[in-house]
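Take a look at the structure set out below.
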Amino acid sequence: MSEGIEKTFIFKQLFDSDSCTYTYLLGDAGKRECILIDPVLEQAKRDLQLTKDLNLNLIYAVNTHMHADHITGSGYLKCLSPGCKSVISRNSGAQADVYIDEGDFIAFGDHKLKVLNTPGHTNGCCSFYSEEQGIAFTGDALLIRGCGRTDFQEGDPAALYRSVHEKIFTLPDSTILYPAHDYSGQTSTSVEEEKRLNPRLTKSFEEFVHVMQNLKLDYPRYIDKAIPANKVCGLFDLPKESREEKIVNADTDAVGNLRCTTDQGVATNATSAPCVQRCQATGNRFADVTTVPLRNGPVLAEEILRNCSVRL
Ligand SMILES: N[C@@H](CCC(=O)N[C@@H](CSS)C(=O)NCC(=O)O)C(=O)O
């Protein structure tokens, strides 16, 4: 790795104290691109402001999995920062702009993360590894001296044991691990530490399964609203200001697709999947508009201008 590339790597660890979630901002100072891993809805504005302070363009809001304890910030970030795409594992069953799977790379500028499928807490759990930096983001698969629970959302202790032992513990011992949560104030660990000290993952396979089947934890407080919202990567139940966008202009492009500009300066194409999905999620009549033949474009645009406020 050249010294130049090393120096362009930006890394910030952010925290949401309500859900004890870590969000990670990774960026390339040269190419000015960045990603957020596991953004939280309530912190989306904070996180986006940090990308702006650092003069970075947010290209991806990446989810390690479909969370059950908080709503992802990826939907709101897409509204606040057009151009940002939501990312989640194909195995998660959630909707997103970009689906990832084992061996894929998430690239930002000259940097990249390798996707490792690490199911067990949920089917779609992924970890992300940067060989260049010697770091990995383990989501809820491996926590510091702990691991994700396996008692709901297709949780499977046997799968989790294999994921940790075969995908995470086979990374170099020096790899620094960053989890999606910590409940005791710690910030990172390493492969070497967890192989030696993790009270659950140092057990035999059989003991681990037994421990995980008898944790008897309370369900997360926000599970009932978090899972439905995260199935669409946070594209509903958004904060009020993001739902009050009004169309101020609408026209058609060369092939007849409807384009709308809203009072927040957001250009949306009514034929794009996220827009249709947002509209369908809110039951807005604008949901009916999927394609607009060119000859009908101006008429329909006028009607939309008269009648519609897109409720994102
Ligand atoms: N008290 C929190 C939820 C805590 C919790 O269940 N954390 C999950 C990860 S988020 S689904 C977990 O896997 N914990 C592992 C453990 O051993 O505690 C709330 O109410 O939100």
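Residues are referred to by chain and number: the chain letter is A, B, ... according to the order shown in the structure tokens, the number counts from 1 in that chain, and ligands are numbered separately from 1 in the order shown.
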
Which residues of chain A come within 10 Å of ligand 1, and for each one, what is the closest pair of atoms and their distance in Å to one decimal, counting only C-alpha atoms and all ligand atoms, sorted by chain and residue number, as JSON lines?
{"residue": "A:Asp18", "atom": "CA", "partner": "ligand 1", "partner_atom_place_in_ligand_line": "21 (O)", "distance": 7.9}
{"residue": "A:Ser19", "atom": "CA", "partner": "ligand 1", "partner_atom_place_in_ligand_line": "21 (O)", "distance": 5.5}
{"residue": "A:Cys20", "atom": "CA", "partner": "ligand 1", "partner_atom_place_in_ligand_line": "2 (C)", "distance": 8.0}
{"residue": "A:Thr21", "atom": "CA", "partner": "ligand 1", "partner_atom_place_in_ligand_line": "10 (S)", "distance": 8.2}
{"residue": "A:His65", "atom": "CA", "partner": "ligand 1", "partner_atom_place_in_ligand_line": "11 (S)", "distance": 9.9}
{"residue": "A:Met66", "atom": "CA", "partner": "ligand 1", "partner_atom_place_in_ligand_line": "11 (S)", "distance": 9.1}
{"residue": "A:His67", "atom": "CA", "partner": "ligand 1", "partner_atom_place_in_ligand_line": "11 (S)", "distance": 6.0}
{"residue": "A:Ala68", "atom": "CA", "partner": "ligand 1", "partner_atom_place_in_ligand_line": "11 (S)", "distance": 4.7}
{"residue": "A:Asp69", "atom": "CA", "partner": "ligand 1", "partner_atom_place_in_ligand_line": "21 (O)", "distance": 4.5}
{"residue": "A:His70", "atom": "CA", "partner": "ligand 1", "partner_atom_place_in_ligand_line": "21 (O)", "distance": 7.1}
{"residue": "A:His121", "atom": "CA", "partner": "ligand 1", "partner_atom_place_in_ligand_line": "13 (O)", "distance": 7.0}
{"residue": "A:Thr122", "atom": "CA", "partner": "ligand 1", "partner_atom_place_in_ligand_line": "11 (S)", "distance": 9.3}
{"residue": "A:Gly139", "atom": "CA", "partner": "ligand 1", "partner_atom_place_in_ligand_line": "9 (C)", "distance": 9.1}
{"residue": "A:Asp140", "atom": "CA", "partner": "ligand 1", "partner_atom_place_in_ligand_line": "9 (C)", "distance": 6.1}
{"residue": "A:Ala141", "atom": "CA", "partner": "ligand 1", "partner_atom_place_in_ligand_line": "13 (O)", "distance": 8.1}
{"residue": "A:Leu142", "atom": "CA", "partner": "ligand 1", "partner_atom_place_in_ligand_line": "13 (O)", "distance": 9.1}
{"residue": "A:Leu143", "atom": "CA", "partner": "ligand 1", "partner_atom_place_in_ligand_line": "15 (C)", "distance": 7.7}
{"residue": "A:Arg145", "atom": "CA", "partner": "ligand 1", "partner_atom_place_in_ligand_line": "17 (O)", "distance": 9.3}
{"residue": "A:Gly146", "atom": "CA", "partner": "ligand 1", "partner_atom_place_in_ligand_line": "17 (O)", "distance": 6.0}
{"residue": "A:Cys147", "atom": "CA", "partner": "ligand 1", "partner_atom_place_in_ligand_line": "15 (C)", "distance": 5.6}
{"residue": "A:Gly148", "atom": "CA", "partner": "ligand 1", "partner_atom_place_in_ligand_line": "13 (O)", "distance": 3.3}
{"residue": "A:Arg149", "atom": "CA", "partner": "ligand 1", "partner_atom_place_in_ligand_line": "13 (O)", "distance": 3.8}
{"residue": "A:Thr150", "atom": "CA", "partner": "ligand 1", "partner_atom_place_in_ligand_line": "13 (O)", "distance": 7.2}
{"residue": "A:Asp151", "atom": "CA", "partner": "ligand 1", "partner_atom_place_in_ligand_line": "13 (O)", "distance": 8.9}
{"residue": "A:Phe152", "atom": "CA", "partner": "ligand 1", "partner_atom_place_in_ligand_line": "11 (S)", "distance": 8.8}
{"residue": "A:Gln153", "atom": "CA", "partner": "ligand 1", "partner_atom_place_in_ligand_line": "11 (S)", "distance": 9.2}
{"residue": "A:Gly155", "atom": "CA", "partner": "ligand 1", "partner_atom_place_in_ligand_line": "13 (O)", "distance": 9.9}
{"residue": "A:Ala180", "atom": "CA", "partner": "ligand 1", "partner_atom_place_in_ligand_line": "9 (C)", "distance": 8.1}
{"residue": "A:His181", "atom": "CA", "partner": "ligand 1", "partner_atom_place_in_ligand_line": "9 (C)", "distance": 6.8}
{"residue": "A:Asp182", "atom": "CA", "partner": "ligand 1", "partner_atom_place_in_ligand_line": "7 (N)", "distance": 8.8}
{"residue": "A:Tyr183", "atom": "CA", "partner": "ligand 1", "partner_atom_place_in_ligand_line": "18 (O)", "distance": 8.1}
{"residue": "A:Arg200", "atom": "CA", "partner": "ligand 1", "partner_atom_place_in_ligand_line": "17 (O)", "distance": 9.4}
{"residue": "A:Met212", "atom": "CA", "partner": "ligand 1", "partner_atom_place_in_ligand_line": "17 (O)", "distance": 8.5}
{"residue": "A:Leu215", "atom": "CA", "partner": "ligand 1", "partner_atom_place_in_ligand_line": "17 (O)", "distance": 7.4}
{"residue": "A:Lys216", "atom": "CA", "partner": "ligand 1", "partner_atom_place_in_ligand_line": "17 (O)", "distance": 9.6}
{"residue": "A:Leu217", "atom": "CA", "partner": "ligand 1", "partner_atom_place_in_ligand_line": "6 (O)", "distance": 6.7}
{"residue": "A:Asp218", "atom": "CA", "partner": "ligand 1", "partner_atom_place_in_ligand_line": "6 (O)", "distance": 6.9}
{"residue": "A:Tyr219", "atom": "CA", "partner": "ligand 1", "partner_atom_place_in_ligand_line": "6 (O)", "distance": 6.1}
{"residue": "A:Pro220", "atom": "CA", "partner": "ligand 1", "partner_atom_place_in_ligand_line": "20 (O)", "distance": 3.4}
{"residue": "A:Arg221", "atom": "CA", "partner": "ligand 1", "partner_atom_place_in_ligand_line": "20 (O)", "distance": 4.0}
{"residue": "A:Tyr222", "atom": "CA", "partner": "ligand 1", "partner_atom_place_in_ligand_line": "21 (O)", "distance": 6.2}
{"residue": "A:Ile223", "atom": "CA", "partner": "ligand 1", "partner_atom_place_in_ligand_line": "21 (O)", "distance": 7.5}
{"residue": "A:Ala226", "atom": "CA", "partner": "ligand 1", "partner_atom_place_in_ligand_line": "11 (S)", "distance": 9.8}
{"residue": "A:Ile227", "atom": "CA", "partner": "ligand 1", "partner_atom_place_in_ligand_line": "11 (S)", "distance": 10.0}

Those residues you just picked out, can you put them in a file as a compact mmCIF listing (two decimals), in the first residue's frame with N, CA and C atoms?
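Wrote it out as result.txt, contents follow:
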# COMPACT_ATOMS: atom_id res chain seq x y z
N ASP A 18 -28.87 6.42 22.98
CA ASP A 18 -30.14 5.76 23.30
C ASP A 18 -30.07 4.26 22.98
N SER A 19 -29.58 3.94 21.79
CA SER A 19 -29.53 2.52 21.39
C SER A 19 -28.13 1.91 21.58
N CYS A 20 -27.19 2.73 22.08
CA CYS A 20 -25.80 2.28 22.24
C CYS A 20 -25.24 1.74 20.91
N THR A 21 -25.57 2.44 19.83
CA THR A 21 -25.11 2.02 18.50
C THR A 21 -23.91 2.84 18.05
N HIS A 65 -26.86 -5.03 8.89
CA HIS A 65 -28.00 -5.96 8.90
C HIS A 65 -29.27 -5.16 9.16
N MET A 66 -30.39 -5.87 9.17
CA MET A 66 -31.68 -5.24 9.47
C MET A 66 -31.82 -5.18 11.00
N HIS A 67 -31.58 -4.00 11.53
CA HIS A 67 -31.54 -3.84 12.98
C HIS A 67 -32.93 -3.99 13.61
N ALA A 68 -32.96 -4.45 14.87
CA ALA A 68 -34.23 -4.58 15.59
C ALA A 68 -34.37 -3.57 16.71
N ASP A 69 -33.30 -2.84 17.01
CA ASP A 69 -33.35 -1.97 18.20
C ASP A 69 -33.41 -0.49 17.87
N HIS A 70 -33.23 -0.12 16.60
CA HIS A 70 -33.32 1.28 16.20
C HIS A 70 -33.62 1.34 14.71
N HIS A 121 -26.94 -13.82 14.00
CA HIS A 121 -27.80 -12.87 14.71
C HIS A 121 -29.04 -12.63 13.86
N THR A 122 -28.84 -12.37 12.56
CA THR A 122 -29.90 -12.42 11.55
C THR A 122 -29.32 -13.12 10.33
N GLY A 139 -20.62 -5.52 12.92
CA GLY A 139 -22.05 -5.42 13.13
C GLY A 139 -22.43 -6.02 14.48
N ASP A 140 -23.50 -6.85 14.46
CA ASP A 140 -23.91 -7.51 15.71
C ASP A 140 -23.42 -8.96 15.77
N ALA A 141 -22.61 -9.39 14.81
CA ALA A 141 -22.11 -10.76 14.86
C ALA A 141 -21.20 -10.92 16.07
N LEU A 142 -20.21 -10.05 16.15
CA LEU A 142 -19.27 -10.10 17.29
C LEU A 142 -19.28 -8.76 17.99
N LEU A 143 -19.62 -8.76 19.27
CA LEU A 143 -19.55 -7.56 20.10
C LEU A 143 -18.32 -7.68 20.98
N ARG A 145 -16.37 -8.71 23.81
CA ARG A 145 -16.61 -9.73 24.86
C ARG A 145 -18.04 -10.27 24.81
N GLY A 146 -18.64 -10.23 23.66
CA GLY A 146 -20.01 -10.73 23.54
C GLY A 146 -20.32 -11.04 22.09
N CYS A 147 -21.60 -11.17 21.78
CA CYS A 147 -22.03 -11.39 20.41
C CYS A 147 -23.52 -11.06 20.33
N GLY A 148 -24.01 -10.97 19.11
CA GLY A 148 -25.42 -10.67 18.93
C GLY A 148 -26.30 -11.81 19.41
N ARG A 149 -27.44 -11.46 19.95
CA ARG A 149 -28.39 -12.47 20.42
C ARG A 149 -28.97 -13.24 19.22
N THR A 150 -29.54 -14.38 19.48
CA THR A 150 -30.00 -15.23 18.37
C THR A 150 -31.44 -15.72 18.60
N ASP A 151 -32.21 -14.93 19.38
CA ASP A 151 -33.54 -15.41 19.76
C ASP A 151 -34.68 -14.81 18.96
N PHE A 152 -34.39 -14.06 17.88
CA PHE A 152 -35.45 -13.60 16.97
C PHE A 152 -34.82 -13.27 15.62
N GLN A 153 -35.65 -12.86 14.64
CA GLN A 153 -35.15 -12.51 13.29
C GLN A 153 -34.25 -13.60 12.72
N GLY A 155 -32.60 -15.79 14.06
CA GLY A 155 -31.38 -16.02 14.85
C GLY A 155 -31.04 -17.50 14.90
N ALA A 180 -21.17 -3.01 16.17
CA ALA A 180 -22.30 -2.09 15.98
C ALA A 180 -22.81 -1.53 17.30
N HIS A 181 -22.51 -2.22 18.40
CA HIS A 181 -22.98 -1.76 19.71
C HIS A 181 -21.93 -2.01 20.77
N ASP A 182 -21.98 -1.19 21.81
CA ASP A 182 -21.35 -1.60 23.06
C ASP A 182 -22.15 -1.00 24.20
N TYR A 183 -22.37 -1.81 25.22
CA TYR A 183 -23.23 -1.40 26.33
C TYR A 183 -22.43 -1.09 27.59
N ARG A 200 -18.28 -15.98 25.46
CA ARG A 200 -19.17 -16.89 24.74
C ARG A 200 -18.42 -17.65 23.64
N MET A 212 -26.52 -19.50 24.28
CA MET A 212 -27.33 -18.57 23.47
C MET A 212 -28.81 -18.90 23.56
N LEU A 215 -30.29 -17.21 27.15
CA LEU A 215 -29.92 -15.85 27.59
C LEU A 215 -31.08 -15.16 28.30
N LYS A 216 -32.31 -15.43 27.84
CA LYS A 216 -33.52 -14.85 28.45
C LYS A 216 -33.44 -13.32 28.55
N LEU A 217 -33.12 -12.69 27.44
CA LEU A 217 -33.04 -11.23 27.39
C LEU A 217 -34.41 -10.63 27.08
N ASP A 218 -34.67 -9.42 27.58
CA ASP A 218 -35.88 -8.70 27.15
C ASP A 218 -35.73 -8.33 25.68
N TYR A 219 -36.85 -8.27 24.97
CA TYR A 219 -36.79 -7.82 23.58
C TYR A 219 -36.39 -6.34 23.53
N PRO A 220 -35.69 -5.93 22.47
CA PRO A 220 -35.35 -4.51 22.35
C PRO A 220 -36.61 -3.64 22.40
N ARG A 221 -36.49 -2.47 23.04
CA ARG A 221 -37.66 -1.59 23.27
C ARG A 221 -38.37 -1.20 21.98
N TYR A 222 -37.61 -0.96 20.91
CA TYR A 222 -38.22 -0.40 19.69
C TYR A 222 -38.42 -1.44 18.59
N ILE A 223 -38.39 -2.72 18.97
CA ILE A 223 -38.40 -3.77 17.94
C ILE A 223 -39.62 -3.65 17.01
N ALA A 226 -38.94 -0.76 14.68
CA ALA A 226 -37.64 -0.79 13.97
C ALA A 226 -37.66 -1.78 12.81
N ILE A 227 -38.20 -2.98 13.03
CA ILE A 227 -38.11 -4.00 11.97
C ILE A 227 -38.91 -3.59 10.73

inquiry  = For Leu36 in chain A, find every residue with an atom within 9 Å (counting only C-alpha atoms), except residues of its own chain fewer than 2 positions away, and show them as a VMD selection string.
reply    = chain A and resid 23 to 27 34 38 to 39 47 58 to 63 74

Selected residues written out with N, CA and C atoms, as a PDB file, in the first residue's frame:
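File result.pdb, as written:
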ATOM      1  N   THR A  23     -21.912   4.219  14.850  1.00  0.00           N
ATOM      2  CA  THR A  23     -21.958   4.504  13.424  1.00  0.00           C
ATOM      3  C   THR A  23     -20.537   4.870  13.021  1.00  0.00           C
ATOM      4  N   TYR A  24     -20.127   4.407  11.854  1.00  0.00           N
ATOM      5  CA  TYR A  24     -18.753   4.677  11.420  1.00  0.00           C
ATOM      6  C   TYR A  24     -18.761   5.474  10.123  1.00  0.00           C
ATOM      7  N   LEU A  25     -17.971   6.543  10.130  1.00  0.00           N
ATOM      8  CA  LEU A  25     -17.775   7.309   8.903  1.00  0.00           C
ATOM      9  C   LEU A  25     -16.397   6.945   8.364  1.00  0.00           C
ATOM     10  N   LEU A  26     -16.365   6.445   7.132  1.00  0.00           N
ATOM     11  CA  LEU A  26     -15.093   6.127   6.479  1.00  0.00           C
ATOM     12  C   LEU A  26     -15.012   6.963   5.212  1.00  0.00           C
ATOM     13  N   GLY A  27     -13.876   7.582   4.996  1.00  0.00           N
ATOM     14  CA  GLY A  27     -13.787   8.459   3.832  1.00  0.00           C
ATOM     15  C   GLY A  27     -12.430   8.421   3.169  1.00  0.00           C
ATOM     16  N   CYS A  34     -17.238   9.413   0.867  1.00  0.00           N
ATOM     17  CA  CYS A  34     -17.316   8.721   2.159  1.00  0.00           C
ATOM     18  C   CYS A  34     -18.552   7.842   2.238  1.00  0.00           C
ATOM     19  N   ASP A  38     -23.973   1.733   9.448  1.00  0.00           N
ATOM     20  CA  ASP A  38     -24.975   1.670  10.510  1.00  0.00           C
ATOM     21  C   ASP A  38     -25.379   3.038  11.067  1.00  0.00           C
ATOM     22  N   PRO A  39     -25.837   3.931  10.175  1.00  0.00           N
ATOM     23  CA  PRO A  39     -26.352   5.215  10.673  1.00  0.00           C
ATOM     24  C   PRO A  39     -27.668   5.008  11.433  1.00  0.00           C
ATOM     25  N   ASP A  47     -24.603  13.153  11.576  1.00  0.00           N
ATOM     26  CA  ASP A  47     -23.640  12.409  10.755  1.00  0.00           C
ATOM     27  C   ASP A  47     -23.407  13.117   9.422  1.00  0.00           C
ATOM     28  N   LEU A  58     -21.240  12.031   0.672  1.00  0.00           N
ATOM     29  CA  LEU A  58     -21.737  10.753   1.185  1.00  0.00           C
ATOM     30  C   LEU A  58     -22.292   9.934   0.021  1.00  0.00           C
ATOM     31  N   ILE A  59     -21.665   8.789  -0.260  1.00  0.00           N
ATOM     32  CA  ILE A  59     -22.145   7.979  -1.395  1.00  0.00           C
ATOM     33  C   ILE A  59     -22.959   6.766  -0.954  1.00  0.00           C
ATOM     34  N   TYR A  60     -22.675   6.219   0.219  1.00  0.00           N
ATOM     35  CA  TYR A  60     -23.434   5.057   0.680  1.00  0.00           C
ATOM     36  C   TYR A  60     -23.781   5.170   2.168  1.00  0.00           C
ATOM     37  N   ALA A  61     -25.005   4.769   2.501  1.00  0.00           N
ATOM     38  CA  ALA A  61     -25.394   4.529   3.898  1.00  0.00           C
ATOM     39  C   ALA A  61     -25.554   3.018   4.007  1.00  0.00           C
ATOM     40  N   VAL A  62     -24.591   2.397   4.644  1.00  0.00           N
ATOM     41  CA  VAL A  62     -24.475   0.928   4.628  1.00  0.00           C
ATOM     42  C   VAL A  62     -25.002   0.344   5.941  1.00  0.00           C
ATOM     43  N   ASN A  63     -25.793  -0.705   5.848  1.00  0.00           N
ATOM     44  CA  ASN A  63     -26.300  -1.375   7.046  1.00  0.00           C
ATOM     45  C   ASN A  63     -25.646  -2.750   7.164  1.00  0.00           C
ATOM     46  N   SER A  74     -30.510   5.379   7.080  1.00  0.00           N
ATOM     47  CA  SER A  74     -30.207   5.414   5.637  1.00  0.00           C
ATOM     48  C   SER A  74     -31.325   6.044   4.809  1.00  0.00           C
TER      49      SER A  74
END

inquiry  = So, with only C-alpha atoms as the atoms that count, which of A:Leu80, A:Ile71, A:Val209, A:Val98 lies closest to Lys52 in chain A?
reply    =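 Using only C-alpha atoms, the shortest distance to Lys52 in chain A belongs to A:Leu80.
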
ask   = Of the candidates A:Ile100, A:Ala44, A:Leu235, A:Ala107, which shows the shortest atom-to-atom distance to Asp28 in chain A, using only C-alpha atoms?
value = A:Ala107

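The nearest approach to Val191 in chain A among the residues A:Pro228, A:Gly109, A:Pro179, A:Gly124, with only C-alpha atoms taken into account, belongs to A:Pro179.
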
inquiry  = So that I can check the surroundings of Gly93 in chain A, please list as JSON, numbers by chain every protein, DNA and RNA residue that reaches within 8 Å of it, counting only C-alpha atoms and ignoring chain neighbours fewer than 3 positions away.
reply    = {"A": [89, 90, 124, 231]}

message = Just to confirm, what's the straight-line distance from CA of Cys125 in chain A to CA of Asn91 in chain A in Å (one decimal)?
response =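 Between CA of Cys125 in chain A and CA of Asn91 in chain A the gap works out to 8.0 Å.
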